[in-house]
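Listing of target04.cif, mmCIF, C-alpha atoms
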data_coords
#
loop_
_atom_site.label_atom_id
_atom_site.label_comp_id
_atom_site.auth_asym_id
_atom_site.auth_seq_id
_atom_site.Cartn_x
_atom_site.Cartn_y
_atom_site.Cartn_z
CA MET A 611 15.31 -18.60 10.67
CA ALA A 612 14.41 -16.03 8.03
CA GLU A 613 10.80 -14.86 7.86
CA LEU A 614 8.37 -13.21 5.48
CA GLN A 615 6.62 -10.54 7.54
CA PHE A 616 3.68 -8.42 6.37
CA PHE A 617 2.89 -5.07 8.00
CA THR A 618 -0.51 -3.69 7.03
CA GLY A 619 -2.80 -0.77 7.82
CA THR A 620 -4.92 1.88 6.14
CA MET A 621 -3.49 4.97 4.51
CA ASP A 622 -1.93 7.36 7.06
CA SER A 623 -1.10 4.53 9.47
CA GLY A 624 2.67 4.94 9.08
CA LYS A 625 3.57 1.97 6.85
CA SER A 626 6.22 3.73 4.78
CA THR A 627 7.66 5.43 7.85
CA LEU A 628 8.00 2.03 9.50
CA ALA A 629 9.56 0.61 6.32
CA LEU A 630 12.22 3.32 6.40
CA GLN A 631 12.86 2.71 10.10
CA THR A 632 13.03 -1.05 9.55
CA ASN A 633 15.79 -0.44 7.03
CA HIS A 634 17.62 2.17 9.12
CA ASN A 635 18.23 0.04 12.21
CA PRO A 636 20.10 -2.88 10.59
CA ALA A 637 21.79 -0.62 8.02
CA ALA A 638 23.23 1.46 10.86
CA ARG A 639 24.83 -1.73 12.17
CA GLY A 640 26.48 -2.69 8.91
CA ARG A 641 23.87 -4.97 7.38
CA SER A 642 23.06 -4.56 3.70
CA GLY A 643 19.45 -4.52 2.56
CA ARG A 644 17.58 -3.79 -0.65
CA ILE A 645 14.55 -1.48 -0.77
CA PHE A 646 11.70 -1.95 -3.24
CA THR A 647 8.55 0.01 -3.94
CA SER A 648 5.84 0.41 -6.57
CA ARG A 649 3.96 3.55 -7.64
CA ASP A 650 5.13 5.62 -4.69
CA ARG A 651 3.59 9.08 -4.25
CA ALA A 652 7.02 10.67 -4.76
CA GLY A 653 7.59 9.00 -8.12
CA ALA A 654 9.38 5.96 -9.49
CA ALA A 655 12.22 4.29 -7.59
CA THR A 656 11.56 6.23 -4.39
CA LEU A 657 10.20 5.11 -1.02
CA SER A 658 8.64 8.13 0.68
CA SER A 659 6.79 8.82 3.90
CA ARG A 660 4.09 11.43 4.44
CA LEU A 661 6.38 12.80 7.17
CA GLY A 662 8.76 13.91 4.42
CA LEU A 663 11.36 11.14 4.70
CA GLN A 664 12.42 9.24 1.60
CA HIS A 665 15.01 6.78 0.29
CA ASP A 666 16.08 5.51 -3.12
CA ALA A 667 14.46 2.21 -4.03
CA VAL A 668 14.11 -0.32 -6.82
CA GLU A 669 10.87 0.15 -8.74
CA VAL A 670 8.77 -3.02 -8.98
CA GLY A 671 6.97 -3.27 -12.30
CA GLU A 672 4.79 -6.03 -13.71
CA GLU A 673 7.76 -7.94 -15.12
CA PHE A 674 10.05 -7.59 -12.11
CA ASP A 675 11.40 -10.88 -10.71
CA PHE A 676 12.50 -10.75 -7.07
CA TRP A 677 14.12 -14.18 -7.19
CA ARG A 678 16.19 -13.37 -10.28
CA TYR A 679 17.18 -9.94 -8.90
CA VAL A 680 18.47 -11.36 -5.60
CA VAL A 681 20.23 -14.35 -7.20
CA ASP A 682 21.93 -12.12 -9.78
CA THR A 683 22.99 -9.67 -7.07
CA LEU A 684 24.48 -12.42 -4.89
CA THR A 685 26.15 -14.08 -7.89
CA ALA A 686 27.83 -10.78 -8.74
CA GLY A 687 29.41 -10.81 -5.28
CA ALA A 688 27.24 -8.19 -3.60
CA ARG A 689 25.88 -8.68 -0.10
CA VAL A 690 22.14 -8.88 0.61
CA ASP A 691 20.92 -9.45 4.16
CA TYR A 692 17.23 -8.52 3.92
CA LEU A 693 14.57 -6.99 1.67
CA ILE A 694 12.26 -4.04 2.42
CA CYS A 695 9.17 -4.15 0.17
CA ASP A 696 6.87 -1.12 0.35
CA GLU A 697 3.54 -0.64 -1.47
CA ALA A 698 3.32 -4.43 -1.57
CA GLN A 699 -0.40 -4.30 -2.33
CA PHE A 700 0.58 -3.43 -5.90
CA TYR A 701 2.76 -6.53 -6.36
CA ALA A 702 1.39 -9.44 -8.37
CA PRO A 703 0.65 -12.69 -6.49
CA HIS A 704 3.46 -14.49 -8.31
CA GLN A 705 5.87 -11.80 -7.10
CA ILE A 706 4.81 -12.55 -3.52
CA ASP A 707 5.57 -16.21 -4.26
CA GLN A 708 9.05 -15.11 -5.36
CA LEU A 709 9.55 -13.30 -2.05
CA ALA A 710 8.55 -16.43 -0.15
CA ARG A 711 11.08 -18.39 -2.16
CA VAL A 712 13.80 -15.85 -1.29
CA VAL A 713 13.00 -16.40 2.39
CA ASP A 714 12.85 -20.19 2.23
CA GLU A 715 15.74 -20.98 -0.11
CA LEU A 716 18.13 -18.07 0.48
CA GLN A 717 17.30 -17.49 4.15
CA LEU A 718 16.86 -13.73 3.75
CA ASP A 719 14.35 -11.79 5.83
CA VAL A 720 11.64 -10.02 3.84
CA PHE A 721 9.65 -7.15 5.37
CA ALA A 722 6.59 -6.23 3.27
CA PHE A 723 4.39 -3.18 3.88
CA GLY A 724 1.05 -2.50 2.25
CA ILE A 725 -2.63 -1.66 2.36
CA LEU A 726 -4.91 -4.65 2.80
CA THR A 727 -8.04 -3.57 0.88
CA ASP A 728 -8.77 -1.17 -1.96
CA PHE A 729 -11.37 1.61 -2.16
CA ARG A 730 -14.05 -1.00 -2.98
CA THR A 731 -13.26 -2.83 0.31
CA SER A 732 -11.85 -5.76 -1.71
CA LEU A 733 -8.50 -7.36 -0.95
CA PHE A 734 -5.62 -6.32 -3.16
CA PRO A 735 -4.31 -9.51 -4.87
CA GLY A 736 -0.79 -8.88 -3.61
CA SER A 737 -1.97 -8.31 -0.04
CA ALA A 738 -4.21 -11.37 -0.17
CA ARG A 739 -1.26 -13.53 -1.20
CA LEU A 740 0.84 -12.05 1.60
CA VAL A 741 -1.82 -12.96 4.15
CA GLU A 742 -1.78 -16.50 2.75
CA LEU A 743 2.01 -16.90 2.78
CA ALA A 744 3.47 -14.60 5.45
CA ASP A 745 5.06 -16.14 8.53
CA ARG A 746 3.66 -13.22 10.49
CA THR A 747 1.12 -10.49 9.71
CA HIS A 748 1.16 -7.31 11.79
CA VAL A 749 -1.66 -4.75 11.92
CA LEU A 750 -0.06 -1.38 12.56
CA GLN A 751 -0.94 0.13 15.93
CA VAL A 752 -0.80 3.76 14.74
CA GLU A 753 -4.49 4.31 14.10
CA ALA A 754 -5.64 6.55 11.29
CA LEU A 755 -8.86 8.37 12.16
CA CYS A 756 -12.06 8.97 10.25
CA TRP A 757 -13.35 12.56 10.16
CA CYS A 758 -15.81 11.59 12.92
CA GLY A 759 -12.98 10.60 15.26
CA LYS A 760 -13.51 6.84 15.11
CA ARG A 761 -10.76 4.46 14.01
CA ALA A 762 -10.47 4.48 10.21
CA THR A 763 -10.68 1.02 8.71
CA HIS A 764 -11.44 1.69 5.03
CA ASN A 765 -9.81 3.59 2.19
CA ALA A 766 -12.13 5.77 0.11
CA ARG A 767 -11.55 7.26 -3.34
CA THR A 768 -13.16 10.50 -4.42
CA GLU A 769 -13.54 11.90 -7.92
CA ASN A 770 -14.35 15.59 -8.15
CA GLY A 771 -15.22 15.48 -4.46
CA GLU A 772 -17.66 12.56 -4.70
CA MET A 773 -16.86 9.15 -3.22
CA VAL A 774 -16.80 6.33 -5.78
CA THR A 775 -16.88 2.56 -5.34
CA GLU A 776 -16.27 1.50 -8.93
CA GLY A 777 -13.42 1.93 -11.38
CA ALA A 778 -9.84 0.82 -11.90
CA VAL A 779 -8.23 -0.57 -8.77
CA ILE A 780 -4.96 1.32 -9.37
CA VAL A 781 -5.18 4.98 -10.36
CA VAL A 782 -2.00 7.03 -10.69
CA GLY A 783 -2.75 10.72 -11.00
CA ASP A 784 -5.91 11.87 -12.73
CA VAL A 785 -8.33 9.45 -14.33
CA GLU A 786 -10.27 9.99 -17.53
CA GLY A 787 -14.03 10.35 -17.64
CA SER A 788 -16.20 8.68 -20.27
CA ASP A 789 -14.86 7.94 -23.74
CA GLY A 790 -16.27 11.14 -25.15
CA VAL A 791 -16.86 9.59 -28.55
CA GLY A 792 -18.83 11.92 -30.83
CA GLY A 793 -18.34 14.99 -28.64
CA ASP A 794 -15.86 17.03 -26.69
CA GLN A 795 -13.23 15.21 -24.65
CA PRO A 796 -14.21 15.11 -20.95
CA GLU A 797 -12.20 16.95 -18.35
CA PRO A 798 -9.96 14.68 -16.24
CA ALA A 799 -11.46 13.87 -12.86
CA GLU A 800 -9.73 15.18 -9.76
CA VAL A 801 -8.88 12.05 -7.75
CA GLY A 802 -8.36 12.01 -4.01
CA TYR A 803 -8.21 9.46 -1.20
CA GLU A 804 -9.54 9.54 2.35
CA VAL A 805 -9.70 7.10 5.25
CA LEU A 806 -13.09 6.43 6.81
CA CYS A 807 -14.65 4.21 9.44
CA ARG A 808 -16.79 1.37 8.11
CA GLN A 809 -20.05 3.18 8.87
CA HIS A 810 -19.21 6.27 6.88
CA HIS A 811 -17.61 4.30 4.06
CA ARG A 812 -20.88 2.35 3.72
CA ARG A 813 -22.82 5.62 3.63
CA ARG A 814 -20.29 7.30 1.32
CA LEU A 815 -20.08 10.11 3.84
CA THR A 816 -16.71 11.79 3.38
CA ALA A 817 -15.52 14.76 5.44
CA ALA A 818 -16.46 17.21 2.66
CA ARG A 819 -19.94 15.75 2.24
CA ALA A 820 -20.52 15.70 6.00
CA GLN A 821 -19.59 19.36 6.18
CA ALA A 822 -21.87 20.22 3.27
CA VAL A 823 -24.78 18.34 4.83
CA SER A 824 -24.30 20.11 8.18
CA MET A 825 -24.23 23.53 6.48
CA ILE A 826 -27.62 23.04 4.83
CA GLY A 827 -29.18 21.74 8.02
CA GLU A 828 -29.87 18.14 6.97
CA PRO A 829 -29.48 15.48 9.65
CA LEU A 830 -26.32 13.40 9.42
CA PRO A 831 -27.05 9.67 8.93
CA PHE A 832 -25.53 8.38 12.18
CA GLY A 833 -28.30 5.93 12.93
#
What's the structure tokens form of this structure?
Amino acid sequence: MAELQFFTGTMDSGKSTLALQTNHNPAARGRSGRIFTSRDRAGAATLSSRLGLQHDAVEVGEEFDFWRYVVDTLTAGARVDYLICDEAQFYAPHQIDQLARVVDELQLDVFAFGILTDFRTSLFPGSARLVELADRTHVLQVEALCWCGKRATHNARTENGEMVTEGAVIVVGDVEGSDGVGGDQPEPAEVGYEVLCRQHHRRRLTAARAQAVSMIGEPLPFG
């Protein structure tokens, strides 16, 4: 029986690498899959791993319909044996419903890969729907580490080196500052991401801030 499987972990836990490997094994044995992604770090229509591997993919935008895509592909006579869906946290809940329908009505395996929570520690809507609908949910065993050496469980966003817990859920590239009405336009903020353990995410203690605190002799808030 076909299944909808969800593989999840923090950043740096190897999700995209596993997605590429999950496609490679059956493809090497003659099966035909389709790869999808959304807002990949390497650009549109590309599934990339931080290890440097990448593969062409179908870009999933807000209007993309998985059910229609697969039905049209099969109707045209092409073969589809399974779907690889990376960056699934960015998919809309109704798109996850479409994937479940592909599994149930077309009996195609769907392998989805994504981050569970955003930088605010809130569930991504797409990931939440996957948890609700997936036949199986797998937490990746490759553990990303916080700067302190503990297992990283949270994704943090920094702007100009400072950790933030408010703002748009999805940020691609730089983000704008305030509106700047009545004055000079603000400089774009430099956006970065870092994985932290829960304790240091709660304290907003990134690696850079921890280093700065240690250099000026202030005690680190480990208690």
Name the residues, using the chain letters and numbers of the file, that sit within 9 Å of (2.7, -9.2, -8.6) when counting all atoms listed in the file, and give them as a ChimeraX atom specification.
/A:670-674,698-707,735-736
Hey, which bits of segment 706-730 of chain A sit within 8 Å of segment 749-770 of chain A, and for each residue what's the closest pair of atoms and how far apart in Å (one decimal), counting only C-alpha atoms, rows by chain and increasing number, as CSV?
residue,atom,partner,partner_atom,distance
A:Thr727,CA,A:Asn765,CA,7.5
A:Asp728,CA,A:Asn765,CA,6.4
A:Phe729,CA,A:Ala766,CA,4.8
A:Arg730,CA,A:Ala766,CA,7.7
Using all atoms listed in the file, can you tell me which of A:Leu630, A:Ala820, A:Val668, A:Leu614 comes closest to Val712 of chain A?
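For Val712 of chain A, the nearest of the given residues is A:Leu614.
Closest approach to Ser626 of chain A from the set A:Ser642, A:Thr683, A:Gln664, A:Ser737 is made by A:Gln664, with distances taken over all atoms listed in the file.
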Would you kindly return, as a VMD selection string, each protein, DNA or RNA residue with an atom no farther than 10 Å from any atom of Asp666 of chain A, considering all atoms listed in the file and excluding same-chain residues fewer than 5 positions away?
chain A and resid 644 to 647 654 to 658
Pick the closest to Asp675 of chain A from A:Thr816, A:Gln708, A:Ser824, A:Ser623: which is it, counting only C-alpha atoms?
A:Gln708
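When atom CA of Arg641 of chain A is paired with atom CA of Asp719 of chain A, their separation reads 11.8 Å.
If you look at atom CA of Phe723 of chain A and atom CA of Ala799 of chain A, they are 28.7 Å away from each other.
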Can you list, as JSON, numbers by chain, every protein, DNA or RNA residue that comes within 6 Å of Gln615 of chain A when you count all atoms listed in the file, leaving out same-chain residues fewer than 6 positions away?
{"A": [721, 744, 745, 746, 747]}
Just-selected residues, C-alpha atoms written as a short mmCIF file (atom, residue, chain, number, x, y, z; two decimals), keeping the file's coordinate frame:
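Once everything was written out, this is out12.cif:
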data_model
loop_
_atom_site.label_atom_id
_atom_site.label_comp_id
_atom_site.auth_asym_id
_atom_site.auth_seq_id
_atom_site.Cartn_x
_atom_site.Cartn_y
_atom_site.Cartn_z
CA PHE A 721 9.65 -7.15 5.37
CA ALA A 744 3.47 -14.60 5.45
CA ASP A 745 5.06 -16.14 8.53
CA ARG A 746 3.66 -13.22 10.49
CA THR A 747 1.12 -10.49 9.71
#
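In this comparison, which uses all atoms listed in the file, the residue of A:Val801, A:Val681, A:Leu661, A:Val774 approaching Arg814 of chain A most closely is A:Val774.
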Using all atoms listed in the file, find the one residue out of A:Thr775, A:Val805, A:Leu709, A:Arg739 that sits nearest to Met621 of chain A.
A:Val805
Got a sec to resolve the PyMOL selection byres ((chain A and resi 718) around 9) on this structure and send the residues as a count of residues only?
16
Distance criterion (all atoms listed in the file): nearest to Glu772 of chain A out of A:Cys807, A:Ala722, A:Ala822, A:Leu733
A:Ala822
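Taking atom CA of Lys625 of chain A and atom CA of Gly724 of chain A as the two end points, the separation is 6.9 Å.
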